[in-house]
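Undergrad: Before I ask anything, let me first share the structure, which is written out below as structure tokens.
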Amino acid sequence: MEKINIICVDDQQEVLDSVMRDLRVLSPLVRLEEASGTADCLRLLDQIDADGDLVAVVISDQVMPGESGTDLLAKIATDKRFTKTRKVLLTGQATHADTINAINEGQVDNYVEKPWVPEKLLTTVKRLLTLYILESGLDYKPYMSILDNTTLFSKLH
């Protein structure tokens, strides 16, 4: 069975540590990965794809050295290997224009402001993970303990 991955992208290690801590309840069934920026994330995406594994969710900061989170999410949105991958912009410094671009260009599924509420971030990621699994045609049963039941049952019935 291919491994499902969730990637968090931020140039600040303390933010990555916080996101990983907030999502660790998912780690028995999905792999949580960190990337320190756009280039690091793109390498990780290539590696995961080469291994035959899947990327369910990418959570990206907006303001990073080099390319922005919006630029990264737009690249992912147009990459045929990751058309079903769900995207979250997690930032406290995005402008109104950044937010519009993230939605229009990056096809962002959710916008989460820093500082975030850990339970809300987890709920958001669970919902997006559930949508990814269902839309990818994967067997959801092995993941039942970490899926969003409301989303699951609304899509199945």
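Starting from 1 in every chain, residues are counted up; chains themselves are A, B, ... following the order of the structure tokens, and ligands are numbered from 1 as listed.
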Name the residues of range 1-79 of chain A that fall into alpha helix (DSSP H) according to DSSP on the backbone, using the chain letters and numbers of this document, as a ChimeraX atom specification.
TA: /A:13-23,38-50,69-78
Undergrad: Go ahead and save the picked residues with C-alpha atoms, as a PDB file, in the first residue's frame.
TA:
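The result, written out as result.pdb:
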ATOM      1  CA  GLN A  13      11.956  25.562  12.139  1.00  0.00           C
ATOM      2  CA  GLU A  14       9.882  26.491  15.185  1.00  0.00           C
ATOM      3  CA  VAL A  15       6.793  26.797  12.977  1.00  0.00           C
ATOM      4  CA  LEU A  16       7.499  23.411  11.386  1.00  0.00           C
ATOM      5  CA  ASP A  17       7.946  21.908  14.862  1.00  0.00           C
ATOM      6  CA  SER A  18       4.611  23.363  15.993  1.00  0.00           C
ATOM      7  CA  VAL A  19       2.706  22.104  12.955  1.00  0.00           C
ATOM      8  CA  MET A  20       4.261  18.640  13.296  1.00  0.00           C
ATOM      9  CA  ARG A  21       3.303  18.564  16.979  1.00  0.00           C
ATOM     10  CA  ASP A  22      -0.277  19.656  16.191  1.00  0.00           C
ATOM     11  CA  LEU A  23      -0.660  16.980  13.496  1.00  0.00           C
ATOM     12  CA  THR A  38       9.886  26.003  -2.114  1.00  0.00           C
ATOM     13  CA  ALA A  39      12.955  24.273  -3.600  1.00  0.00           C
ATOM     14  CA  ASP A  40      13.094  21.807  -0.698  1.00  0.00           C
ATOM     15  CA  CYS A  41       9.390  21.028  -1.116  1.00  0.00           C
ATOM     16  CA  LEU A  42       9.694  20.486  -4.872  1.00  0.00           C
ATOM     17  CA  ARG A  43      12.581  18.025  -4.302  1.00  0.00           C
ATOM     18  CA  LEU A  44      10.502  16.238  -1.669  1.00  0.00           C
ATOM     19  CA  LEU A  45       7.506  16.035  -4.026  1.00  0.00           C
ATOM     20  CA  ASP A  46       9.703  14.480  -6.729  1.00  0.00           C
ATOM     21  CA  GLN A  47      11.112  11.971  -4.224  1.00  0.00           C
ATOM     22  CA  ILE A  48       7.684  10.989  -2.898  1.00  0.00           C
ATOM     23  CA  ASP A  49       6.359  10.559  -6.443  1.00  0.00           C
ATOM     24  CA  ALA A  50       9.433   8.512  -7.468  1.00  0.00           C
ATOM     25  CA  GLY A  69       3.913  30.009  -0.722  1.00  0.00           C
ATOM     26  CA  THR A  70       1.459  31.106  -3.399  1.00  0.00           C
ATOM     27  CA  ASP A  71       4.082  30.419  -6.081  1.00  0.00           C
ATOM     28  CA  LEU A  72       4.721  26.969  -4.621  1.00  0.00           C
ATOM     29  CA  LEU A  73       1.037  26.074  -4.368  1.00  0.00           C
ATOM     30  CA  ALA A  74       0.453  27.277  -7.934  1.00  0.00           C
ATOM     31  CA  LYS A  75       3.245  24.957  -9.162  1.00  0.00           C
ATOM     32  CA  ILE A  76       1.680  22.045  -7.286  1.00  0.00           C
ATOM     33  CA  ALA A  77      -1.772  22.908  -8.669  1.00  0.00           C
ATOM     34  CA  THR A  78      -0.500  22.690 -12.253  1.00  0.00           C
TER      35      THR A  78
END
Undergrad: Using only C-alpha atoms, find each residue in range 39-116 of chain A having at least one atom no more than 12 Å away from range 24-30 of chain A; report its shortest atom-to-atom pair and that distance in Å (one decimal), rows by chain then rising number, as a tab-separated table.
TA:
residue	atom	partner	partner_atom	distance
A:Asp53	CA	A:Val30	CA	10.7
A:Leu54	CA	A:Val30	CA	9.8
A:Val55	CA	A:Val30	CA	9.7
A:Ala56	CA	A:Val30	CA	9.2
A:Val57	CA	A:Val30	CA	10.6
Undergrad: Have a look at CA of Thr151 in chain A and CA of Leu128 in chain A and let me know their distance in Å, one decimal.
TA: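 The value is 8.9 Å.
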Undergrad: For CA of Ile103 in chain A and CA of Asp61 in chain A, quote the distance in Å rounded to one decimal.
TA: 14.0 Å
Undergrad: Which one is closest to Ile59 in chain A: A:Glu135, A:Asp79, A:Asp10, A:Glu105? Count only C-alpha atoms.
TA: A:Asp10
Undergrad: For Glu33 in chain A, work out the shell of residues within 7 Å, counting only C-alpha atoms and skipping chain neighbours fewer than 6 positions away, then give it as a list of chain:residue names.
TA: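 The residues that qualify are A:Asn5, A:Ile6, A:Ile7, A:Cys8.
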Undergrad: Take the residues from that selection and put them in a file with N, CA, C and O atoms, as a PDB file, in the first residue's frame.
TA:
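Result file is selection-v1.pdb:
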ATOM      1  N   ASN A   5       1.293  11.125   2.314  1.00  0.00           N
ATOM      2  CA  ASN A   5       2.124  12.146   2.939  1.00  0.00           C
ATOM      3  C   ASN A   5       1.376  13.456   3.114  1.00  0.00           C
ATOM      4  O   ASN A   5       0.544  13.820   2.288  1.00  0.00           O
ATOM      5  N   ILE A   6       1.739  14.166   4.174  1.00  0.00           N
ATOM      6  CA  ILE A   6       1.335  15.549   4.404  1.00  0.00           C
ATOM      7  C   ILE A   6       2.628  16.332   4.554  1.00  0.00           C
ATOM      8  O   ILE A   6       3.497  15.957   5.344  1.00  0.00           O
ATOM      9  N   ILE A   7       2.783  17.406   3.774  1.00  0.00           N
ATOM     10  CA  ILE A   7       4.009  18.199   3.785  1.00  0.00           C
ATOM     11  C   ILE A   7       3.716  19.580   4.360  1.00  0.00           C
ATOM     12  O   ILE A   7       2.756  20.234   3.941  1.00  0.00           O
ATOM     13  N   CYS A   8       4.558  20.019   5.276  1.00  0.00           N
ATOM     14  CA  CYS A   8       4.488  21.382   5.801  1.00  0.00           C
ATOM     15  C   CYS A   8       5.730  22.127   5.330  1.00  0.00           C
ATOM     16  O   CYS A   8       6.845  21.627   5.475  1.00  0.00           O
TER      17      CYS A   8
END
Undergrad: Give me the residues near Thr123 in chain A as an MDAnalysis selection string, where near means some atom within 10 Å (using only C-alpha atoms) and where sequence neighbours in that chain fewer than 5 positions away do not count.
TA: chainID A and resid 23 118 128:129 146:148
Undergrad: Rounded to one decimal in Å, what is the spacing between CA of Glu34 in chain A and CA of Val88 in chain A?
TA: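 Separation between CA of Glu34 in chain A and CA of Val88 in chain A: 14.2 Å.
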Undergrad: Calculated over only C-alpha atoms, which of the candidates A:Lys141, A:Gly52, A:Leu121, A:His96 has the smallest distance to Glu2 in chain A?
TA: A:Gly52
Undergrad: For each of A:Val58, A:Gly37, A:Glu113, A:Lys126, take the minimum atom-to-atom distance to Tyr143 in chain A, counting only C-alpha atoms, then give the residue where this is smallest.
TA: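 That would be A:Lys126, the residue with the smallest distance to Tyr143 in chain A.
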Undergrad: What parts of range 49-107 of chain A does DSSP call strand (DSSP E or B)? I'd like the answer as a PyMOL selection string.
TA: chain A and resi 54-60+86-91
Undergrad: If you keep N, CA and C atoms, can you produce a file of those selected residues as a PDB file, in the first residue's frame?
TA:
ATOM      1  N   LEU A  54       2.019   9.004  -2.196  1.00  0.00           N
ATOM      2  CA  LEU A  54       1.025  10.030  -2.483  1.00  0.00           C
ATOM      3  C   LEU A  54       1.208  11.248  -1.586  1.00  0.00           C
ATOM      4  N   VAL A  55       0.791  12.411  -2.077  1.00  0.00           N
ATOM      5  CA  VAL A  55       0.812  13.643  -1.290  1.00  0.00           C
ATOM      6  C   VAL A  55      -0.628  14.122  -1.168  1.00  0.00           C
ATOM      7  N   ALA A  56      -1.178  14.012   0.027  1.00  0.00           N
ATOM      8  CA  ALA A  56      -2.570  14.383   0.253  1.00  0.00           C
ATOM      9  C   ALA A  56      -2.730  15.872   0.505  1.00  0.00           C
ATOM     10  N   VAL A  57      -1.835  16.446   1.324  1.00  0.00           N
ATOM     11  CA  VAL A  57      -1.980  17.846   1.734  1.00  0.00           C
ATOM     12  C   VAL A  57      -0.607  18.504   1.771  1.00  0.00           C
ATOM     13  N   VAL A  58      -0.551  19.749   1.269  1.00  0.00           N
ATOM     14  CA  VAL A  58       0.635  20.596   1.436  1.00  0.00           C
ATOM     15  C   VAL A  58       0.187  21.839   2.180  1.00  0.00           C
ATOM     16  N   ILE A  59       0.860  22.113   3.293  1.00  0.00           N
ATOM     17  CA  ILE A  59       0.596  23.298   4.114  1.00  0.00           C
ATOM     18  C   ILE A  59       1.806  24.204   3.946  1.00  0.00           C
ATOM     19  N   SER A  60       1.587  25.416   3.415  1.00  0.00           N
ATOM     20  CA  SER A  60       2.726  26.287   3.127  1.00  0.00           C
ATOM     21  C   SER A  60       2.567  27.666   3.731  1.00  0.00           C
ATOM     22  N   ARG A  86      -4.431  18.527  -1.778  1.00  0.00           N
ATOM     23  CA  ARG A  86      -5.092  19.665  -1.146  1.00  0.00           C
ATOM     24  C   ARG A  86      -4.037  20.636  -0.641  1.00  0.00           C
ATOM     25  N   LYS A  87      -4.362  21.931  -0.703  1.00  0.00           N
ATOM     26  CA  LYS A  87      -3.379  22.961  -0.379  1.00  0.00           C
ATOM     27  C   LYS A  87      -3.908  23.926   0.674  1.00  0.00           C
ATOM     28  N   VAL A  88      -3.026  24.238   1.647  1.00  0.00           N
ATOM     29  CA  VAL A  88      -3.363  25.148   2.738  1.00  0.00           C
ATOM     30  C   VAL A  88      -2.297  26.238   2.787  1.00  0.00           C
ATOM     31  N   LEU A  89      -2.729  27.484   2.846  1.00  0.00           N
ATOM     32  CA  LEU A  89      -1.815  28.605   3.049  1.00  0.00           C
ATOM     33  C   LEU A  89      -1.889  28.951   4.530  1.00  0.00           C
ATOM     34  N   LEU A  90      -0.763  28.808   5.220  1.00  0.00           N
ATOM     35  CA  LEU A  90      -0.678  29.054   6.667  1.00  0.00           C
ATOM     36  C   LEU A  90       0.251  30.247   6.867  1.00  0.00           C
ATOM     37  N   THR A  91      -0.314  31.405   7.161  1.00  0.00           N
ATOM     38  CA  THR A  91       0.532  32.586   7.231  1.00  0.00           C
ATOM     39  C   THR A  91      -0.105  33.688   8.063  1.00  0.00           C
TER      40      THR A  91
END
